[in-house]
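**Q** Just upload-v8.cif, nothing more (mmCIF, C-alpha atoms and all ligand atoms):
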data_my_file
loop_
_atom_site.label_atom_id
_atom_site.label_comp_id
_atom_site.auth_asym_id
_atom_site.auth_seq_id
_atom_site.Cartn_x
_atom_site.Cartn_y
_atom_site.Cartn_z
CA MET G 39 0.00 0.00 0.00
CA ALA G 40 1.07 3.52 -0.57
CA VAL G 41 0.04 6.97 0.48
CA LEU G 42 -0.63 9.00 -2.65
CA GLU G 43 -0.35 12.73 -3.20
CA ILE G 44 -3.69 14.52 -2.98
CA LEU G 45 -4.23 17.07 -5.74
CA LYS G 46 -5.40 20.48 -4.61
CA TYR G 47 -7.64 23.08 -6.21
CA PRO G 48 -7.13 24.55 -8.83
CA HIS G 49 -5.48 21.44 -10.33
CA PRO G 50 -7.12 20.83 -13.75
CA MET G 51 -7.63 17.10 -13.04
CA LEU G 52 -10.23 18.05 -10.43
CA LYS G 53 -12.41 19.69 -13.09
CA LYS G 54 -12.58 16.70 -15.43
CA ARG G 55 -15.32 14.13 -15.85
CA CYS G 56 -13.76 10.79 -14.91
CA GLN G 57 -13.99 7.75 -17.16
CA GLU G 58 -15.85 4.51 -16.45
CA VAL G 59 -13.70 1.56 -15.40
CA ASP G 60 -14.16 -1.09 -18.09
CA ARG G 61 -12.29 -3.89 -16.34
CA ILE G 62 -11.86 -4.38 -12.62
CA ASP G 63 -8.34 -5.80 -12.52
CA GLY G 64 -5.44 -5.91 -10.07
CA GLY G 65 -4.56 -2.32 -10.88
CA VAL G 66 -7.99 -1.11 -9.79
CA LYS G 67 -7.79 -3.15 -6.57
CA GLN G 68 -4.38 -1.67 -5.83
CA LEU G 69 -5.73 1.82 -6.51
CA VAL G 70 -8.57 1.20 -4.04
CA ARG G 71 -6.11 0.05 -1.35
CA ASP G 72 -3.90 3.09 -1.89
CA MET G 73 -6.89 5.44 -1.84
CA VAL G 74 -8.08 3.94 1.45
CA GLU G 75 -4.65 4.40 3.02
CA THR G 76 -4.38 7.95 1.69
CA MET G 77 -7.88 8.79 2.96
CA TYR G 78 -7.14 7.46 6.45
CA ARG G 79 -3.78 9.21 6.59
CA SER G 80 -5.50 12.52 5.80
CA ASN G 81 -8.40 11.93 8.21
CA GLY G 82 -10.86 12.07 5.31
CA ILE G 83 -14.20 10.27 5.21
CA GLY G 84 -14.23 9.83 1.45
CA MET G 85 -12.07 10.07 -1.61
CA ALA G 86 -12.41 9.93 -5.38
CA ALA G 87 -9.67 8.59 -7.65
CA CYS G 88 -9.25 11.90 -9.48
CA GLN G 89 -8.08 13.43 -6.19
CA VAL G 90 -4.97 11.27 -6.43
CA GLY G 91 -4.52 11.91 -10.14
CA ILE G 92 -6.40 8.94 -11.62
CA PRO G 93 -9.39 10.11 -13.73
CA LYS G 94 -11.46 6.94 -13.20
CA ARG G 95 -14.86 6.42 -11.61
CA VAL G 96 -13.67 4.93 -8.31
CA ILE G 97 -14.58 6.15 -4.82
CA VAL G 98 -13.89 5.03 -1.26
CA VAL G 99 -15.99 6.11 1.70
CA ASP G 100 -15.72 5.53 5.44
CA VAL G 101 -17.91 7.77 7.56
CA GLY G 102 -17.01 5.67 10.62
CA PRO G 103 -15.44 8.60 12.51
CA ILE G 104 -18.83 10.36 12.43
CA ASP G 105 -21.22 7.42 12.23
CA PRO G 106 -19.54 4.36 13.82
CA GLU G 107 -22.31 2.04 12.58
CA LYS G 108 -21.16 2.48 8.98
CA ASP G 109 -18.28 0.57 7.42
CA LEU G 110 -15.66 1.32 4.83
CA PHE G 111 -16.58 0.53 1.25
CA ALA G 112 -15.25 1.16 -2.23
CA MET G 113 -17.40 1.58 -5.29
CA ILE G 114 -16.50 1.42 -8.94
CA ASN G 115 -18.66 3.13 -11.60
CA PRO G 116 -21.20 4.31 -8.98
CA GLU G 117 -24.52 5.63 -10.19
CA ILE G 118 -27.40 7.23 -8.36
CA VAL G 119 -30.51 5.04 -8.46
CA SER G 120 -32.76 7.24 -6.36
CA GLU G 121 -32.60 10.24 -4.08
CA GLU G 122 -35.00 12.21 -1.93
CA GLY G 123 -35.32 14.99 0.58
CA GLU G 124 -32.96 17.83 1.29
CA ILE G 125 -30.23 18.41 3.83
CA GLU G 126 -27.72 21.18 4.39
CA HIS G 127 -24.44 20.46 6.10
CA GLU G 128 -20.98 21.94 6.43
CA GLU G 129 -18.54 20.15 4.15
CA GLY G 130 -14.83 20.18 3.67
CA CYS G 131 -12.68 18.59 1.00
CA LEU G 132 -9.13 17.24 1.05
CA SER G 133 -8.59 18.93 -2.33
CA VAL G 134 -9.93 22.30 -1.17
CA PRO G 135 -7.89 23.07 1.96
CA ASP G 136 -9.18 25.50 4.59
CA CYS G 137 -12.62 25.63 3.08
CA SER G 138 -15.64 24.61 5.10
CA GLU G 139 -18.99 25.62 3.70
CA LYS G 140 -22.62 24.65 3.97
CA VAL G 141 -23.73 22.67 0.92
CA LYS G 142 -27.26 21.57 -0.01
CA ARG G 143 -27.62 17.85 -0.74
CA LYS G 144 -30.28 15.19 -1.00
CA GLU G 145 -31.09 13.72 2.38
CA LYS G 146 -31.32 10.10 1.26
CA ILE G 147 -29.64 8.37 -1.61
CA LEU G 148 -29.36 4.92 -3.18
CA VAL G 149 -26.25 4.27 -5.25
CA ARG G 150 -25.39 1.24 -7.37
CA GLY G 151 -21.97 0.20 -8.60
CA PHE G 152 -19.36 -2.52 -8.35
CA SER G 153 -17.15 -3.71 -5.52
CA PRO G 154 -13.39 -4.19 -6.08
CA GLU G 155 -14.25 -7.90 -6.36
CA GLY G 156 -16.41 -7.13 -9.39
CA GLU G 157 -19.75 -7.77 -7.72
CA GLU G 158 -22.68 -5.44 -8.22
CA ILE G 159 -23.41 -3.65 -4.96
CA GLU G 160 -25.91 -1.12 -3.72
CA VAL G 161 -25.37 1.34 -0.90
CA SER G 162 -28.19 3.36 0.56
CA GLY G 163 -27.71 5.98 3.16
CA ASP G 164 -28.99 9.09 4.79
CA GLY G 165 -27.31 11.85 6.76
CA ILE G 166 -23.53 11.91 6.65
CA LEU G 167 -23.28 8.81 4.44
CA ALA G 168 -25.62 10.35 1.84
CA ILE G 169 -23.61 13.58 1.96
CA ALA G 170 -20.26 11.81 1.56
CA LEU G 171 -21.58 9.74 -1.37
CA GLN G 172 -22.86 12.80 -3.19
CA HIS G 173 -19.62 14.67 -2.49
CA GLU G 174 -17.53 11.84 -4.01
CA LEU G 175 -19.92 11.38 -6.96
CA ASP G 176 -19.53 15.10 -7.63
CA HIS G 177 -15.76 14.61 -7.86
CA LEU G 178 -16.28 12.01 -10.60
CA ASN G 179 -18.06 14.68 -12.61
CA GLY G 180 -15.45 17.36 -11.98
CA VAL G 181 -17.61 19.20 -9.45
CA LEU G 182 -16.12 20.60 -6.23
CA ILE G 183 -17.80 22.09 -3.16
CA LEU G 184 -16.64 25.44 -4.55
CA ASP G 185 -19.07 24.89 -7.43
CA ARG G 186 -21.91 24.38 -4.98
CA ILE G 187 -21.52 27.55 -2.91
CA SER G 188 -22.35 31.14 -3.77
CA ARG G 189 -20.22 33.06 -6.23
CA LEU G 190 -19.28 35.51 -3.50
CA LYS G 191 -17.99 32.78 -1.18
CA ARG G 192 -16.10 31.24 -4.08
CA GLU G 193 -14.42 34.58 -4.81
CA ILE G 194 -13.50 35.03 -1.16
CA TYR G 195 -11.86 31.61 -1.16
CA ARG G 196 -9.98 32.31 -4.40
CA ASN G 197 -8.68 35.61 -3.04
CA LYS G 198 -7.56 33.92 0.15
CA LEU G 199 -5.59 31.38 -1.92
CA LYS G 200 -4.01 34.15 -3.98
CA LYS G 201 -2.92 36.01 -0.86
CA GLU G 202 -1.39 32.87 0.61
CA LYS G 203 0.45 32.19 -2.61
CA ARG G 204 1.86 35.71 -2.68
CA LYS G 205 2.99 35.33 0.91
CA GLU G 206 4.74 32.05 0.04
CA GLU G 207 6.46 33.69 -2.89
CA GLY G 208 7.46 36.62 -0.71
CA VAL G 209 5.89 39.19 -3.03
ZN ZN V 1 -13.72 16.27 -1.86
#
Show how you would write the structure in this file as structure tokens.
Ligand SMILES: [Zn+2]

**A**
Amino acid sequence: MAVLEILKYPHPMLKKRCQEVDRIDGGVKQLVRDMVETMYRSNGIGMAACQVGIPKRVIVVDVGPIDPEKDLFAMINPEIVSEEGEIEHEEGCLSVPDCSEKVKRKEKILVRGFSPEGEEIEVSGDGILAIALQHELDHLNGVLILDRISRLKREIYRNKLKKEKRKEEGV
């Protein structure tokens, strides 16, 4: 297993739509293992493959730190089957450091995809699990939490980044 580098906004890879996995082979299984290790090392509760530079439709989620009844799972080519309700919750993202904003999501969601063993699986969840699933599915479509907040808040975040960059460069 290996800890991978997490790409940060505004890396162009984070804006791309990721491709379907057409064969679940050893490489995909290895990617899932590395993503899990990277997620745990960063204290994240979810991760999409594009965040570590692989533009494929693979996600890992473990909301255990917030909801101990839920287990770790990985999903390949996940698709939303149904969704309902509305919930608003503060979200952060490993690829958007120092940003924590309220985002509107569906309250309940049912997602279908494949396990790393190639079996079709379904995951349904509400609350934090539903939020994490939608957050990771967004990543697969090149959508970040910054795209789901107001333009003003997005500008404030961008300006903050610029200032930090200037400070680093000593300008
Ligand atoms: Zn994220």

**Q** Counting all atoms listed in the file, name the residues that have an atom within 6 Å of an atom of ligand ZN 1 (chain V); the answer should be given as a PyMOL selection string.

**A** chain G and resi 131-133

**Q** Just checking: using all atoms listed in the file, which residue out of G:Gly151, G:Glu157, G:Pro48, G:Ile125 ends up closest to Lys200 (chain G)?

**A**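 Going through G:Gly151, G:Glu157, G:Pro48, G:Ile125 one by one, the smallest distance to Lys200 (chain G) is for G:Pro48.
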
**Q** Here is a test: counting all atoms listed in the file, which residue of G:Glu174, G:Asp100, G:Asp109, G:Asp136 is nearest to Tyr78 (chain G)?

**A** G:Asp100

**Q** Quick one: residues within 12 Å of Glu160 (chain G), all atoms listed in the file counted, chain neighbours fewer than 2 positions away excluded, as a list in words?

**A** Phe111, Ala112, Met113, Ile114, Asn115, Pro116, Glu117, Ile118, Val119, Ser120, Ile147, Leu148, Val149, Arg150, Gly151, Phe152, Ser153, Glu157, Glu158, Ser162, Gly163 and Leu171 of chain G

**Q** Between G:Glu145, G:Leu42, G:Gly180, G:Glu155, single out the one closest to Arg79 (chain G), counting all atoms listed in the file.

**A**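 Among the listed residues, G:Leu42 lies closest to Arg79 (chain G).
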
**Q** At a cut-off of 10 Å, using all atoms listed in the file, what residues contact Arg71 (chain G)? Leave out same-chain residues fewer than 6 positions from it and give the result as number ranges by chain.

**A** G: 39-41, 65, 77, 98, 112, 154

**Q** Of the candidates G:Gln89, G:Asn197, G:Asn179, G:Ser80, which shows the shortest atom-to-atom distance to Tyr47 (chain G), using only C-alpha atoms?

**A**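 Checking each candidate against Tyr47 (chain G), we get G:Gln89 as the closest.
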
**Q** I need the residue nearest Pro103 (chain G) from this list: G:Gly91, G:Glu124, G:Gly82, G:Leu45. Use all atoms listed in the file for the distance.

**A**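 Ranking G:Gly91, G:Glu124, G:Gly82, G:Leu45 by distance to Pro103 (chain G), first place goes to G:Gly82.
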
**Q** Might you pull out every residue within 12 Å of Glu139 (chain G), with only C-alpha atoms counted and same-chain residues fewer than 6 positions away left off, and present them as JSON, numbers by chain?

**A** {"G": [126, 127, 128, 129, 130, 131, 182, 183, 184, 185, 186, 187, 188, 191, 192, 194, 195]}

**Q** State, in Å with one decimal place, the distance from CA of Met51 (chain G) to CA of Ile92 (chain G).

**A**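 Between CA of Met51 (chain G) and CA of Ile92 (chain G) the gap works out to 8.4 Å.
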
**Q** So how far away is CA of Ile97 (chain G) from CA of Lys142 (chain G), in Å?

**A**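 Separation of CA of Lys142 (chain G) and CA of Ile97 (chain G): 20.5 Å.
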